[in-house]
>>> print(open('my_file-v1.cif').read())   # mmCIF, C-alpha atoms
data_entry
#
loop_
_atom_site.label_atom_id
_atom_site.label_comp_id
_atom_site.auth_asym_id
_atom_site.auth_seq_id
_atom_site.Cartn_x
_atom_site.Cartn_y
_atom_site.Cartn_z
CA MET X 1 93.30 139.51 118.82
CA GLN X 2 90.34 139.69 121.22
CA PRO X 3 90.83 138.01 124.64
CA LEU X 4 88.17 135.34 124.00
CA ILE X 5 89.55 134.49 120.57
CA ARG X 6 93.09 134.47 121.98
CA LYS X 7 92.03 132.13 124.77
CA GLU X 8 90.33 129.74 122.34
CA PHE X 9 93.36 129.77 120.07
CA ILE X 10 95.76 129.00 122.92
CA LYS X 11 93.50 126.17 124.08
CA ALA X 12 93.23 124.72 120.56
CA MET X 13 96.98 125.07 120.02
CA GLY X 14 97.81 123.36 123.31
CA LEU X 15 95.52 120.44 122.47
CA ALA X 16 96.98 120.20 118.97
CA LEU X 17 100.54 120.13 120.34
CA PHE X 18 99.61 117.36 122.75
CA ASN X 19 97.90 115.32 120.04
CA SER X 20 100.80 115.81 117.61
CA SER X 21 103.30 114.65 120.22
CA ARG X 22 101.15 111.64 121.07
CA ASP X 23 100.69 110.68 117.41
CA LEU X 24 104.39 110.95 116.65
CA ALA X 25 105.48 109.04 119.77
CA PRO X 26 105.16 105.53 118.21
CA ILE X 27 107.19 106.59 115.15
CA ILE X 28 109.88 108.11 117.34
CA ALA X 29 109.96 104.97 119.50
CA VAL X 30 110.34 102.65 116.48
CA ILE X 31 113.13 104.72 114.93
CA SER X 32 114.96 104.99 118.25
CA LEU X 33 114.72 101.28 119.01
CA PHE X 34 116.00 100.25 115.59
CA GLN X 35 118.78 102.83 115.69
CA ILE X 36 119.98 101.77 119.14
CA LEU X 37 119.20 98.04 119.35
CA VAL X 38 119.44 96.86 115.72
CA LEU X 39 121.84 99.22 113.98
CA ARG X 40 123.71 99.90 117.25
CA GLN X 41 124.63 103.37 116.07
CA PRO X 42 124.37 106.72 117.86
CA PHE X 43 122.07 109.33 116.40
CA PRO X 44 123.98 111.65 114.07
CA ALA X 45 123.69 115.34 115.01
CA VAL X 46 121.42 114.76 118.00
CA LEU X 47 120.64 118.45 118.47
CA SER X 48 119.61 118.80 114.82
CA VAL X 49 117.39 115.72 115.07
CA LEU X 50 115.71 117.01 118.23
CA GLY X 51 115.28 120.46 116.73
CA GLY X 52 113.76 119.00 113.58
CA LEU X 53 111.42 116.84 115.65
CA CYS X 54 110.21 119.86 117.59
CA LEU X 55 109.59 121.72 114.34
CA VAL X 56 107.60 118.78 112.97
CA ILE X 57 105.39 118.68 116.07
CA LEU X 58 104.88 122.45 115.94
CA GLY X 59 104.16 122.35 112.20
CA LEU X 60 101.59 119.57 112.56
CA ALA X 61 99.89 121.42 115.40
CA LEU X 62 99.72 124.68 113.44
CA PHE X 63 98.43 122.83 110.39
CA VAL X 64 95.62 121.14 112.34
CA VAL X 65 94.58 124.36 114.06
CA GLY X 66 94.67 126.18 110.73
CA LEU X 67 92.35 123.59 109.20
CA GLU X 68 89.89 123.82 112.08
CA ILE X 69 89.69 127.61 112.29
CA GLY X 70 90.27 128.50 108.64
CA LEU X 71 90.02 126.07 105.74
CA PHE X 72 87.17 123.85 106.93
CA PRO X 73 84.81 126.73 107.84
CA LEU X 74 85.69 128.60 104.64
CA GLY X 75 85.06 125.58 102.39
CA GLU X 76 81.76 124.74 104.07
CA MET X 77 80.59 128.37 103.94
CA GLN X 78 81.31 128.69 100.22
CA ALA X 79 79.59 125.39 99.43
CA GLU X 80 76.51 126.44 101.39
CA GLU X 81 76.36 129.83 99.68
CA PHE X 82 76.63 128.30 96.19
CA ALA X 83 73.89 125.79 97.06
CA ARG X 84 71.59 128.54 98.34
CA LYS X 85 72.07 130.59 95.18
CA GLY X 86 70.84 127.59 93.20
CA SER X 87 73.23 128.07 90.28
CA ILE X 88 74.53 124.65 89.25
CA PHE X 89 76.84 126.16 86.63
CA TRP X 90 78.74 128.34 89.11
CA LEU X 91 78.79 125.54 91.69
CA LEU X 92 80.32 123.10 89.22
CA LEU X 93 82.76 125.72 87.95
CA PHE X 94 83.81 126.42 91.53
CA ALA X 95 84.18 122.67 92.20
CA PHE X 96 86.41 122.22 89.14
CA ALA X 97 88.52 125.29 89.96
CA LEU X 98 88.91 124.13 93.56
CA GLY X 99 90.02 120.66 92.55
CA PHE X 100 92.37 121.93 89.85
CA GLY X 101 93.85 124.76 91.91
CA THR X 102 94.52 122.77 95.06
CA THR X 103 96.04 119.85 93.14
CA ILE X 104 98.37 121.87 90.93
CA ALA X 105 99.86 123.38 94.10
CA GLU X 106 100.11 120.06 95.99
CA PRO X 107 103.73 119.71 97.24
CA ALA X 108 103.63 115.90 97.20
CA LEU X 109 102.46 115.87 93.58
CA ILE X 110 105.23 118.28 92.55
CA ALA X 111 107.83 116.01 94.16
CA VAL X 112 106.47 112.80 92.62
CA THR X 113 106.11 114.19 89.10
CA ARG X 114 109.62 115.63 89.26
CA GLU X 115 111.07 112.26 90.23
CA GLY X 116 108.92 110.55 87.60
CA ALA X 117 110.25 112.88 84.93
CA ARG X 118 113.85 112.21 85.98
CA ALA X 119 113.24 108.46 85.87
CA ALA X 120 111.66 108.78 82.42
CA ALA X 121 114.68 110.73 81.21
CA GLU X 122 117.10 108.12 82.56
CA ALA X 123 115.08 105.42 80.80
CA GLY X 124 115.36 107.32 77.51
CA LEU X 125 111.64 107.96 77.20
CA ILE X 126 112.12 111.73 77.10
CA GLY X 127 115.08 114.02 76.53
CA ASN X 128 117.62 113.96 79.34
CA ASP X 129 117.88 117.73 79.66
CA PRO X 130 116.38 120.11 82.25
CA MET X 131 113.85 121.61 79.83
CA SER X 132 112.45 118.24 78.75
CA ILE X 133 112.29 116.98 82.33
CA GLN X 134 110.53 120.13 83.52
CA ARG X 135 108.08 120.04 80.61
CA TYR X 136 107.23 116.38 81.20
CA ALA X 137 106.75 116.87 84.96
CA PHE X 138 104.51 119.89 84.42
CA SER X 139 102.45 118.02 81.80
CA VAL X 140 101.81 115.19 84.24
CA ARG X 141 100.87 117.71 86.94
CA LEU X 142 98.40 119.36 84.57
CA SER X 143 96.87 115.99 83.72
CA VAL X 144 96.47 115.13 87.39
CA ALA X 145 95.07 118.56 88.30
CA PHE X 146 92.58 118.43 85.43
CA SER X 147 91.49 114.94 86.46
CA VAL X 148 90.92 115.99 90.06
CA GLY X 149 88.85 118.95 88.87
CA ILE X 150 86.69 116.59 86.80
CA ALA X 151 86.45 114.17 89.74
CA ILE X 152 85.22 116.91 92.10
CA VAL X 153 82.61 117.96 89.54
CA ILE X 154 81.38 114.35 89.33
CA GLY X 155 81.38 114.17 93.12
CA VAL X 156 79.29 117.33 93.42
CA LEU X 157 76.85 116.00 90.83
CA ARG X 158 76.68 112.78 92.83
CA ILE X 159 75.63 114.73 95.91
CA LEU X 160 73.10 116.78 93.95
CA ARG X 161 71.60 113.84 92.06
CA GLY X 162 71.97 111.13 94.68
CA TRP X 163 74.16 108.85 92.55
CA SER X 164 75.61 105.73 94.15
CA LEU X 165 79.19 106.22 95.35
CA PRO X 166 80.08 102.48 95.37
CA ILE X 167 79.03 102.12 91.72
CA LEU X 168 81.17 105.09 90.69
CA VAL X 169 84.21 103.91 92.65
CA VAL X 170 83.99 100.23 91.70
CA GLY X 171 83.34 101.13 88.06
CA GLY X 172 86.31 103.47 88.08
CA TYR X 173 88.68 100.88 89.48
CA ILE X 174 87.50 98.31 86.96
CA LEU X 175 88.41 100.84 84.27
CA VAL X 176 91.82 101.35 85.90
CA MET X 177 92.47 97.59 85.91
CA LEU X 178 91.49 97.30 82.25
CA MET X 179 93.67 100.25 81.25
CA THR X 180 96.63 98.75 83.11
CA ILE X 181 96.65 95.93 80.57
CA PHE X 182 97.02 98.22 77.56
CA VAL X 183 99.03 101.28 78.64
CA PRO X 184 102.86 101.39 78.52
CA LYS X 185 104.28 99.73 81.62
CA GLU X 186 106.55 102.73 82.24
CA ILE X 187 103.58 104.92 83.19
CA ILE X 188 101.67 102.49 85.42
CA GLY X 189 103.61 103.07 88.63
CA LEU X 190 103.57 106.85 88.22
CA ALA X 191 99.84 106.76 87.51
CA TYR X 192 99.10 104.74 90.64
CA ASP X 193 101.27 106.97 92.81
CA SER X 194 99.65 110.09 91.35
CA GLY X 195 96.33 108.86 92.68
CA GLY X 196 97.76 108.76 96.19
CA VAL X 197 99.68 112.02 96.36
CA THR X 198 96.79 114.16 95.11
CA THR X 199 94.88 113.59 98.34
CA SER X 200 97.34 115.35 100.61
CA THR X 201 97.70 118.43 102.77
CA VAL X 202 96.24 121.07 100.45
CA THR X 203 93.50 119.18 98.60
CA VAL X 204 91.84 117.11 101.32
CA PRO X 205 90.67 119.85 103.73
CA LEU X 206 89.00 122.06 101.13
CA VAL X 207 87.47 119.22 99.12
CA THR X 208 86.11 117.53 102.24
CA ALA X 209 84.67 120.82 103.49
CA LEU X 210 83.03 121.36 100.09
CA GLY X 211 81.30 117.98 100.18
CA VAL X 212 80.15 118.24 103.79
CA GLY X 213 78.93 121.82 103.41
CA LEU X 214 77.03 120.96 100.24
CA ALA X 215 75.36 117.89 101.75
CA ARG X 216 74.43 119.87 104.85
CA THR X 217 72.66 122.51 102.76
CA ILE X 218 70.69 120.32 100.34
CA ARG X 219 67.43 118.92 101.66
CA GLY X 220 67.39 115.14 101.90
CA ARG X 221 71.18 114.79 102.01
CA ASP X 222 73.09 113.52 105.04
CA PRO X 223 76.57 115.02 105.56
CA LEU X 224 77.83 111.68 106.88
CA THR X 225 76.60 109.46 104.04
CA ASP X 226 76.51 111.98 101.18
CA GLY X 227 79.13 114.58 102.12
CA PHE X 228 82.13 112.27 102.02
CA GLY X 229 83.45 110.32 99.05
CA LEU X 230 84.91 113.20 97.06
CA ILE X 231 88.41 112.22 98.13
CA ALA X 232 87.87 108.68 96.82
CA LEU X 233 86.96 110.06 93.41
CA ALA X 234 89.87 112.51 93.54
CA SER X 235 92.24 109.59 94.15
CA LEU X 236 90.75 107.49 91.37
CA ALA X 237 90.62 109.97 88.49
CA PRO X 238 94.37 110.77 88.33
CA MET X 239 95.21 107.11 87.71
CA ILE X 240 92.93 107.08 84.66
CA PHE X 241 94.14 110.41 83.27
CA VAL X 242 97.85 109.76 83.79
CA MET X 243 97.55 106.40 82.06
CA LEU X 244 95.77 108.16 79.21
CA PHE X 245 98.60 110.69 79.16
CA GLY X 246 101.13 107.86 78.93
CA LEU X 247 99.12 106.12 76.23
CA ILE X 248 99.23 109.29 74.11
CA THR X 249 102.76 110.49 74.76
CA LEU X 250 104.87 107.33 75.25
#
>>> encode(input="my_file-v1.cif", output="C-alpha cells")
Amino acid sequence: MQPLIRKEFIKAMGLALFNSSRDLAPIIAVISLFQILVLRQPFPAVLSVLGGLCLVILGLALFVVGLEIGLFPLGEMQAEEFARKGSIFWLLLFAFALGFGTTIAEPALIAVTREGARAAAEAGLIGNDPMSIQRYAFSVRLSVAFSVGIAIVIGVLRILRGWSLPILVVGGYILVMLMTIFVPKEIIGLAYDSGGVTTSTVTVPLVTALGVGLARTIRGRDPLTDGFGLIALASLAPMIFVMLFGLITL
C-alpha cells in the first residue's frame, strides 16, 4: 500500500472508529442503565460482552470505510459508464441484475424468510419438514429478489424519463393497502417485513450509488432530487410481490 493511500486509510479508519463509538454510546448507556437500575442484575460474562462490543465497533467502522472507498465509487462509476454508452437495454439489465443479486444475498432477508418459513410450518400452512421449510424460504427470497430487481429497473426509468417519485410511491402504497384486504392474513406480516429487510447492508450502498451516479451523468438531472428514491421503490415492491406469492401459494 502506498504511503499516501495508507495515510488516508488510517485517517478514515480512525474517524470511522470514533463515529461508530459515538453512535453506539446511547445504546450502550440505555442497556447498562436498565440492566443495573431496573433489572438490578450484573452483566453475564462481562469480558465476552466487552469483546463483542469492541468487535461491533470495529465491524461498523470497517463497513463504513469499505463503502466509502469501494462500493460507492464502484457503483457510481458503473452507472456513469452505462449512461455514457447510451444503451438503455444494458443499463436496465444491469439495474435488474444488481437489485436481484444484492437482495438474494441479503443476510437480513435470509434470516427473516427462514423464520417465516418455520412459522408457516408450525401453523400447518406448509409441510413441517426441513425440505419444505427450506423450499418455502427460498421461494420467498426469490420473490423478494425479483421484486427488487423490477423496482430498480422502474427507478432507473424514472431517472431517465423524469417520472414523479411521489406518484410512484403513493400509488404503490395504495396498491399495498388494497392487496392487504384480499390476501391471506398469514402472509401480510411477512410481506411487510420483507419490504424492510431488503434495504439493508448489501443492497443500499450499491443501489444508492447507482442512482446518484446515473443522475450525475444525465443532463438535466440533479443527483439530490433525482438520484435518490431507488431505496423507497426497493422497499415497496417486495410487499406487493410477497403478497402476490401468498395469494398464489396459500
>>> closest_residue(input="my_file-v1.cif", among="X:Ala105, X:Ala137, X:Leu160, X:Leu33", to="Leu92 of chain X", atoms="all atoms listed in the file")
X:Leu160
>>> closest_residue(input="my_file-v1.cif", among="X:Met179, X:Ala25, X:Met243, X:Ala232", to="Val144 of chain X", atoms="only C-alpha atoms")
X:Met243
>>> residues_around(input="my_file-v1.cif", residues="Met13 of chain X", least_positions_apart="2", cutoff="8 Å", atoms="only C-alpha atoms", output="JSON, numbers by chain")
{"X": [9, 10, 11, 15, 16, 17, 61, 62, 65]}
>>> atom_distance(input="my_file-v1.cif", atom1="atom CA of Phe228 of chain X", atom2="atom CA of Ala215 of chain X")
8.8 Å
>>> residues_near_point(input="my_file-v1.cif", point="(106.9, 111.4, 90.3)", cutoff="9 Å", atoms="only C-alpha atoms", output="ChimeraX atom specification")
/X:108-119,137,140,190-191,193-194
>>> write_last_selection(input="my_file-v1.cif", atoms="C-alpha atoms", output="PDB file, in the frame of the given file")
ATOM      1  CA  ALA X 108     103.630 115.900  97.200  1.00  0.00           C
ATOM      2  CA  LEU X 109     102.460 115.870  93.580  1.00  0.00           C
ATOM      3  CA  ILE X 110     105.230 118.280  92.550  1.00  0.00           C
ATOM      4  CA  ALA X 111     107.830 116.010  94.160  1.00  0.00           C
ATOM      5  CA  VAL X 112     106.470 112.800  92.620  1.00  0.00           C
ATOM      6  CA  THR X 113     106.110 114.190  89.100  1.00  0.00           C
ATOM      7  CA  ARG X 114     109.620 115.630  89.260  1.00  0.00           C
ATOM      8  CA  GLU X 115     111.070 112.260  90.230  1.00  0.00           C
ATOM      9  CA  GLY X 116     108.920 110.550  87.600  1.00  0.00           C
ATOM     10  CA  ALA X 117     110.250 112.880  84.930  1.00  0.00           C
ATOM     11  CA  ARG X 118     113.850 112.210  85.980  1.00  0.00           C
ATOM     12  CA  ALA X 119     113.240 108.460  85.870  1.00  0.00           C
ATOM     13  CA  ALA X 137     106.750 116.870  84.960  1.00  0.00           C
ATOM     14  CA  VAL X 140     101.810 115.190  84.240  1.00  0.00           C
ATOM     15  CA  LEU X 190     103.570 106.850  88.220  1.00  0.00           C
ATOM     16  CA  ALA X 191      99.840 106.760  87.510  1.00  0.00           C
ATOM     17  CA  ASP X 193     101.270 106.970  92.810  1.00  0.00           C
ATOM     18  CA  SER X 194      99.650 110.090  91.350  1.00  0.00           C
TER      19      SER X 194
END
>>> closest_residue(input="my_file-v1.cif", among="X:Pro238, X:Val169, X:Asp222, X:Val204", to="Tyr192 of chain X", atoms="all atoms listed in the file")
X:Pro238
>>> closest_residue(input="my_file-v1.cif", among="X:Gly172, X:Pro73, X:Pro166, X:Pro107", to="Thr225 of chain X", atoms="all atoms listed in the file")
X:Pro166
>>> closest_residue(input="my_file-v1.cif", among="X:Gly124, X:Gly189, X:Gly99, X:Pro223", to="Leu142 of chain X", atoms="all atoms listed in the file")
X:Gly99
